[in-house]
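Below: run.cif (mmCIF, C-alpha atoms and all ligand atoms)
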```
data_start
loop_
_atom_site.label_atom_id
_atom_site.label_comp_id
_atom_site.auth_asym_id
_atom_site.auth_seq_id
_atom_site.Cartn_x
_atom_site.Cartn_y
_atom_site.Cartn_z
CA MET A 1 69.06 -52.70 21.84
CA SER A 2 69.04 -48.98 22.72
CA ASP A 3 72.86 -49.13 22.66
CA LEU A 4 72.72 -50.42 19.11
CA HIS A 5 70.32 -47.65 18.08
CA ALA A 6 72.68 -45.09 19.59
CA GLN A 7 75.70 -46.62 17.84
CA VAL A 8 73.90 -46.53 14.48
CA ARG A 9 72.84 -42.92 14.99
CA ALA A 10 76.40 -41.91 15.88
CA CYS A 11 78.03 -43.48 12.81
CA THR A 12 80.13 -41.12 10.70
CA LEU A 13 82.26 -43.70 8.89
CA CYS A 14 81.80 -42.35 5.40
CA ALA A 15 81.29 -38.68 6.22
CA PRO A 16 84.03 -37.62 3.74
CA TYR A 17 82.02 -39.13 0.88
CA LEU A 18 78.56 -37.84 1.79
CA PRO A 19 77.16 -34.57 0.41
CA LEU A 20 75.52 -33.66 3.74
CA GLU A 21 76.30 -34.49 7.34
CA PRO A 22 75.79 -38.21 8.15
CA ARG A 23 72.27 -38.92 9.35
CA PRO A 24 71.85 -42.69 9.64
CA ILE A 25 68.19 -43.59 9.28
CA ALA A 26 66.85 -47.01 10.25
CA GLN A 27 64.08 -48.46 12.38
CA PHE A 28 64.20 -51.87 14.05
CA SER A 29 63.31 -53.82 17.17
CA SER A 30 63.38 -57.39 18.42
CA THR A 31 59.65 -57.80 17.60
CA ALA A 32 59.57 -56.56 13.98
CA ARG A 33 58.66 -59.58 11.86
CA ILE A 34 58.69 -57.62 8.61
CA LEU A 35 62.10 -56.38 7.43
CA VAL A 36 62.35 -53.96 4.51
CA ILE A 37 65.79 -53.61 2.94
CA GLY A 38 65.74 -50.75 0.49
CA GLN A 39 68.39 -48.65 -1.25
CA ALA A 40 69.23 -45.57 0.84
CA PRO A 41 67.40 -42.51 2.17
CA GLY A 42 66.55 -39.81 -0.32
CA ARG A 43 66.85 -36.11 0.35
CA ILE A 44 63.33 -35.82 1.82
CA THR A 45 63.99 -38.73 4.16
CA HIS A 46 67.31 -37.18 5.18
CA GLU A 47 65.39 -34.11 6.35
CA SER A 48 62.57 -35.94 8.13
CA GLY A 49 64.67 -38.74 9.63
CA ILE A 50 61.82 -41.19 8.93
CA PRO A 51 62.52 -44.00 6.44
CA PHE A 52 60.20 -44.15 3.42
CA ASP A 53 58.45 -40.98 4.57
CA ASP A 54 57.56 -40.05 0.99
CA LYS A 55 55.47 -41.06 -2.02
CA ALA A 56 57.58 -44.19 -2.46
CA GLY A 57 56.76 -45.14 1.12
CA GLU A 58 53.03 -44.67 0.45
CA ARG A 59 53.29 -47.01 -2.52
CA LEU A 60 55.37 -49.53 -0.55
CA ALA A 61 52.82 -49.57 2.29
CA GLY A 62 50.09 -50.25 -0.28
CA TRP A 63 52.09 -53.14 -1.75
CA LEU A 64 52.51 -54.60 1.74
CA GLY A 65 48.81 -54.12 2.49
CA ILE A 66 49.47 -51.94 5.53
CA ASP A 67 48.96 -48.28 6.42
CA ALA A 68 51.62 -45.64 7.02
CA VAL A 69 51.35 -45.96 10.81
CA THR A 70 52.19 -49.66 10.62
CA LEU A 71 55.00 -49.11 8.12
CA HIS A 72 56.62 -46.65 10.52
CA ASP A 73 56.10 -48.72 13.66
CA PRO A 74 59.48 -50.27 14.56
CA ALA A 75 57.75 -52.81 16.80
CA ARG A 76 56.18 -54.32 13.69
CA VAL A 77 58.30 -53.26 10.70
CA ALA A 78 62.08 -52.91 10.51
CA ILE A 79 63.54 -50.75 7.76
CA VAL A 80 67.29 -51.24 7.38
CA SER A 81 68.42 -50.30 3.91
CA MET A 82 71.68 -50.97 2.08
CA GLY A 83 72.80 -47.44 2.94
CA LEU A 84 71.56 -45.66 6.05
CA CYS A 85 72.60 -42.14 5.00
CA TYR A 86 71.61 -40.03 2.01
CA PRO A 87 74.37 -40.65 -0.57
CA GLY A 88 73.76 -37.60 -2.77
CA LYS A 89 72.56 -36.97 -6.29
CA ALA A 90 73.79 -38.62 -9.45
CA LYS A 91 72.70 -38.26 -13.04
CA GLY A 92 69.15 -39.59 -13.30
CA GLY A 93 68.66 -40.27 -9.59
CA ASP A 94 70.51 -40.72 -6.32
CA LYS A 95 73.99 -42.17 -5.96
CA PRO A 96 74.29 -45.83 -4.92
CA PRO A 97 74.25 -46.58 -1.20
CA ARG A 98 77.67 -46.27 0.42
CA PRO A 99 79.37 -49.68 0.07
CA GLU A 100 80.72 -49.53 3.65
CA CYS A 101 77.27 -49.40 5.21
CA ALA A 102 75.55 -52.77 4.85
CA PRO A 103 78.70 -54.77 5.69
CA LEU A 104 79.13 -52.67 8.82
CA TRP A 105 75.55 -52.59 10.11
CA HIS A 106 73.50 -55.46 8.71
CA GLY A 107 75.57 -58.05 10.52
CA ARG A 108 74.84 -56.30 13.81
CA ILE A 109 71.20 -55.28 13.30
CA LEU A 110 69.64 -58.23 11.49
CA PRO A 111 70.49 -60.80 14.21
CA VAL A 112 68.39 -58.88 16.75
CA LEU A 113 65.26 -59.24 14.58
CA PRO A 114 62.96 -62.28 14.93
CA ALA A 115 64.20 -65.31 12.98
CA ASP A 116 60.78 -65.96 11.43
CA ARG A 117 60.66 -62.59 9.72
CA LEU A 118 59.68 -61.80 6.14
CA THR A 119 62.47 -59.91 4.36
CA VAL A 120 61.31 -57.55 1.62
CA LEU A 121 64.17 -56.82 -0.77
CA VAL A 122 63.36 -53.54 -2.43
CA GLY A 123 65.33 -52.63 -5.52
CA THR A 124 68.51 -53.72 -7.25
CA TYR A 125 71.05 -53.12 -4.47
CA ALA A 126 69.21 -55.17 -1.84
CA GLN A 127 68.61 -57.96 -4.33
CA ALA A 128 72.24 -58.03 -5.45
CA ALA A 129 73.30 -58.44 -1.82
CA TYR A 130 70.70 -60.97 -0.70
CA LEU A 131 69.79 -62.82 -3.92
CA PRO A 132 73.23 -63.24 -5.46
CA ALA A 133 72.09 -66.20 -7.59
CA MET A 134 69.78 -63.83 -9.48
CA LYS A 135 72.40 -61.15 -10.07
CA GLY A 136 72.32 -59.84 -13.63
CA ARG A 137 68.78 -61.05 -14.28
CA PRO A 138 66.18 -58.41 -15.20
CA MET A 139 64.11 -56.94 -12.37
CA ALA A 140 60.92 -58.55 -13.72
CA GLU A 141 62.52 -61.99 -13.52
CA ARG A 142 63.72 -61.44 -9.95
CA VAL A 143 60.31 -60.23 -8.84
CA ALA A 144 58.45 -62.94 -10.75
CA GLY A 145 60.20 -65.60 -8.67
CA TRP A 146 58.21 -64.68 -5.56
CA ARG A 147 56.66 -68.13 -5.11
CA ASP A 148 60.15 -69.64 -4.81
CA LEU A 149 61.25 -67.04 -2.24
CA LEU A 150 58.23 -66.87 0.09
CA PRO A 151 57.65 -67.30 2.95
CA GLU A 152 61.11 -66.02 3.97
CA ARG A 153 61.82 -63.39 1.32
CA ILE A 154 60.39 -61.47 -1.59
CA ALA A 155 61.92 -59.14 -4.20
CA LEU A 156 60.10 -55.95 -5.20
CA PRO A 157 60.99 -53.12 -7.57
CA HIS A 158 61.81 -49.79 -5.99
CA PRO A 159 58.42 -48.15 -5.33
CA SER A 160 59.33 -44.92 -7.11
CA TRP A 161 57.08 -43.33 -9.73
CA ARG A 162 58.81 -45.56 -12.30
CA SER A 163 57.19 -48.62 -10.73
CA ALA A 164 53.85 -47.53 -12.24
CA LEU A 165 55.28 -48.55 -15.62
CA PHE A 166 56.50 -51.86 -14.19
CA MET A 167 53.02 -52.57 -12.87
CA ARG A 168 51.40 -51.70 -16.20
CA GLU A 169 53.75 -54.01 -18.09
CA HIS A 170 53.43 -56.92 -15.62
CA ASP A 171 49.82 -57.37 -14.62
CA TRP A 172 50.67 -60.47 -12.53
CA PHE A 173 52.30 -58.10 -10.02
CA GLU A 174 48.98 -56.68 -8.81
CA GLN A 175 46.80 -59.65 -9.66
CA ASP A 176 48.89 -62.49 -8.23
CA LEU A 177 51.96 -61.30 -6.31
CA LEU A 178 50.35 -58.62 -4.12
CA PRO A 179 47.58 -60.89 -2.72
CA ASP A 180 50.27 -63.44 -1.74
CA LEU A 181 52.40 -60.69 -0.20
CA HIS A 182 49.45 -59.26 1.75
CA ALA A 183 48.76 -62.69 3.21
CA GLU A 184 52.38 -63.17 4.31
CA VAL A 185 52.54 -59.71 5.87
CA ALA A 186 49.19 -60.13 7.65
CA ALA A 187 50.34 -63.46 9.08
CA ARG A 188 53.30 -61.74 10.75
CA LEU A 189 51.57 -58.70 12.21
S1 LIG B 201 76.15 -44.49 5.28
FE1 LIG B 201 76.24 -46.10 6.85
S2 LIG B 201 78.44 -46.43 7.23
FE2 LIG B 201 78.23 -44.45 6.17
S3 LIG B 201 78.11 -42.90 7.83
FE3 LIG B 201 76.00 -43.50 7.28
S4 LIG B 201 75.50 -45.14 8.73
FE4 LIG B 201 77.74 -44.92 8.75
#
```
Show this structure as structure tokens.
Amino acid sequence: MSDLHAQVRACTLCAPYLPLEPRPIAQFSSTARILVIGQAPGRITHESGIPFDDKAGERLAGWLGIDAVTLHDPARVAIVSMGLCYPGKAKGGDKPPRPECAPLWHGRILPVLPADRLTVLVGTYAQAAYLPAMKGRPMAERVAGWRDLLPERIALPHPSWRSALFMREHDWFEQDLLPDLHAEVAARL
């Protein structure tokens, strides 16, 4: 396992395409029964080296019904996003995760996690990769299908400031989905 961590940390595969030096950021262990697959580290995360170490992470922890310490505990929560390095800025947000990354690393990291894990697919890129049948459907439709996906998986919007609007427009998210999600997370911790 420590070998795999070291191999991930040493990856420089797409260095020519990254705006800063590669800094692969992921947390995982053989006991983490919650897996979060997000988009890619932002600039703040690139500096800290801690995944979801920002406002979005605070919101995500709240959605999962856990505190920041638990979210950042690799023994309990794995965070292995579609891109492990900061991809740089684009108009209106960050660039997409590097397309080389998930095919290279997910096949090596995910098999070391417990089989009975809950996979939390955060945002469009993770959902396109792991819910291909729902590709092209609006985010609200993908998220609203949570009862069909649990107990193995769940789709969530990216927990950025924009998600406040999503929550206002879809009151079932807080009223119905989050209590179900909290129960699934609690059962695995
Ligand atoms: S984004 Fe992924 S594949 Fe590219 S250098 Fe970082 S860890 Fe390696």
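For the set A:Thr45, A:Ser2, A:Thr70, A:Ser81, the residue with the smallest atom-to-atom gap to ligand LIG 201 (chain B) is A:Ser81, counting only C-alpha atoms and all ligand atoms.
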Per-residue nearest contacts of chain A to ligand LIG 201 (chain B) (12 Å; all atoms listed in the file) as CSV:
```
residue,atom,partner,partner_atom,distance
A:Leu4,CA,B:LIG201,S4,12.0
A:His5,CA,B:LIG201,S4,11.0
A:Ala6,CA,B:LIG201,S4,11.2
A:Gln7,CA,B:LIG201,S4,9.2
A:Val8,CA,B:LIG201,S4,6.1
A:Arg9,CA,B:LIG201,S4,7.2
A:Ala10,CA,B:LIG201,FE4,7.9
A:Cys11,CA,B:LIG201,FE4,4.3
A:Thr12,CA,B:LIG201,S3,3.9
A:Leu13,CA,B:LIG201,S3,4.4
A:Cys14,CA,B:LIG201,FE2,4.2
A:Ala15,CA,B:LIG201,S3,5.5
A:Pro16,CA,B:LIG201,S3,8.9
A:Tyr17,CA,B:LIG201,FE2,8.4
A:Leu18,CA,B:LIG201,S1,7.9
A:Pro19,CA,B:LIG201,S1,11.1
A:Leu20,CA,B:LIG201,S3,10.4
A:Glu21,CA,B:LIG201,S3,8.6
A:Pro22,CA,B:LIG201,S3,5.2
A:Arg23,CA,B:LIG201,FE3,6.3
A:Pro24,CA,B:LIG201,S4,4.5
A:Ile25,CA,B:LIG201,S4,7.5
A:Ala26,CA,B:LIG201,S4,9.0
A:Gln39,CA,B:LIG201,S1,11.0
A:Ala40,CA,B:LIG201,S1,8.3
A:Pro41,CA,B:LIG201,S1,9.5
A:His46,CA,B:LIG201,FE3,10.9
A:Val80,CA,B:LIG201,S4,10.3
A:Ser81,CA,B:LIG201,FE1,9.4
A:Met82,CA,B:LIG201,FE1,8.2
A:Gly83,CA,B:LIG201,S1,5.0
A:Leu84,CA,B:LIG201,FE1,4.8
A:Cys85,CA,B:LIG201,S1,4.3
A:Tyr86,CA,B:LIG201,S1,7.2
A:Pro87,CA,B:LIG201,S1,7.2
A:Gly88,CA,B:LIG201,S1,10.9
A:Lys95,CA,B:LIG201,S1,11.7
A:Pro96,CA,B:LIG201,S1,10.5
A:Pro97,CA,B:LIG201,S1,7.1
A:Arg98,CA,B:LIG201,S1,5.4
A:Pro99,CA,B:LIG201,S2,7.9
A:Glu100,CA,B:LIG201,S2,5.3
A:Cys101,CA,B:LIG201,S2,3.8
A:Ala102,CA,B:LIG201,FE1,7.0
A:Pro103,CA,B:LIG201,S2,8.5
A:Leu104,CA,B:LIG201,S2,6.5
A:Trp105,CA,B:LIG201,FE1,7.3
A:His106,CA,B:LIG201,FE1,9.9
A:Ile109,CA,B:LIG201,S4,11.9
```
Within 12 Å of stretch 60-66 of chain A, which residues of stretch 96-137 of chain A show up? Give each one with its shortest atom-to-atom distance in Å (one decimal) and the two atoms involved, counting all atoms listed in the file, rows by chain then rising residue number, as a tab-separated table.
```
residue	atom	partner	partner_atom	distance
A:Leu118	CA	A:Leu64	CA	11.1
A:Thr119	CA	A:Leu64	CA	11.6
A:Val120	CA	A:Leu64	CA	9.3
A:Leu121	CA	A:Leu60	CA	11.4
A:Val122	CA	A:Leu60	CA	9.1
A:Gly123	CA	A:Leu60	CA	11.6
```
For the residues selected in the previous step, produce a file with C-alpha atoms as a PDB file, in the frame of the given file.
```pdb
ATOM      1  CA  LEU A 118      59.680 -61.800   6.140  1.00  0.00           C
ATOM      2  CA  THR A 119      62.470 -59.910   4.360  1.00  0.00           C
ATOM      3  CA  VAL A 120      61.310 -57.550   1.620  1.00  0.00           C
ATOM      4  CA  LEU A 121      64.170 -56.820  -0.770  1.00  0.00           C
ATOM      5  CA  VAL A 122      63.360 -53.540  -2.430  1.00  0.00           C
ATOM      6  CA  GLY A 123      65.330 -52.630  -5.520  1.00  0.00           C
TER       7      GLY A 123
END
```
- Query: Looking at all atoms listed in the file, which of A:Ala155, A:Ala186, A:Ile50, A:Ala75 is the one that sits closest to A:Val36?
  - Reply: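 Using all atoms listed in the file, A:Val36 sits closest to A:Ala155.
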- Item | Non-local contacts of stretch 132-139 of chain A (7 Å; only C-alpha atoms; under 4 positions in same chain excluded) as a VMD selection string | chain A and resid 128 143 157
- Query: What does the distance between atom CA of A:Arg188 and atom CA of A:His170 come to in Å, to one decimal place?
  - Reply: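 Those two atoms sit 26.8 Å apart.
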- Tell me, in Å to one decimal, how far atom CA of A:Thr31 is from atom CA of A:Lys55.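 Between atom CA of A:Thr31 and atom CA of A:Lys55 the gap is 26.1 Å.
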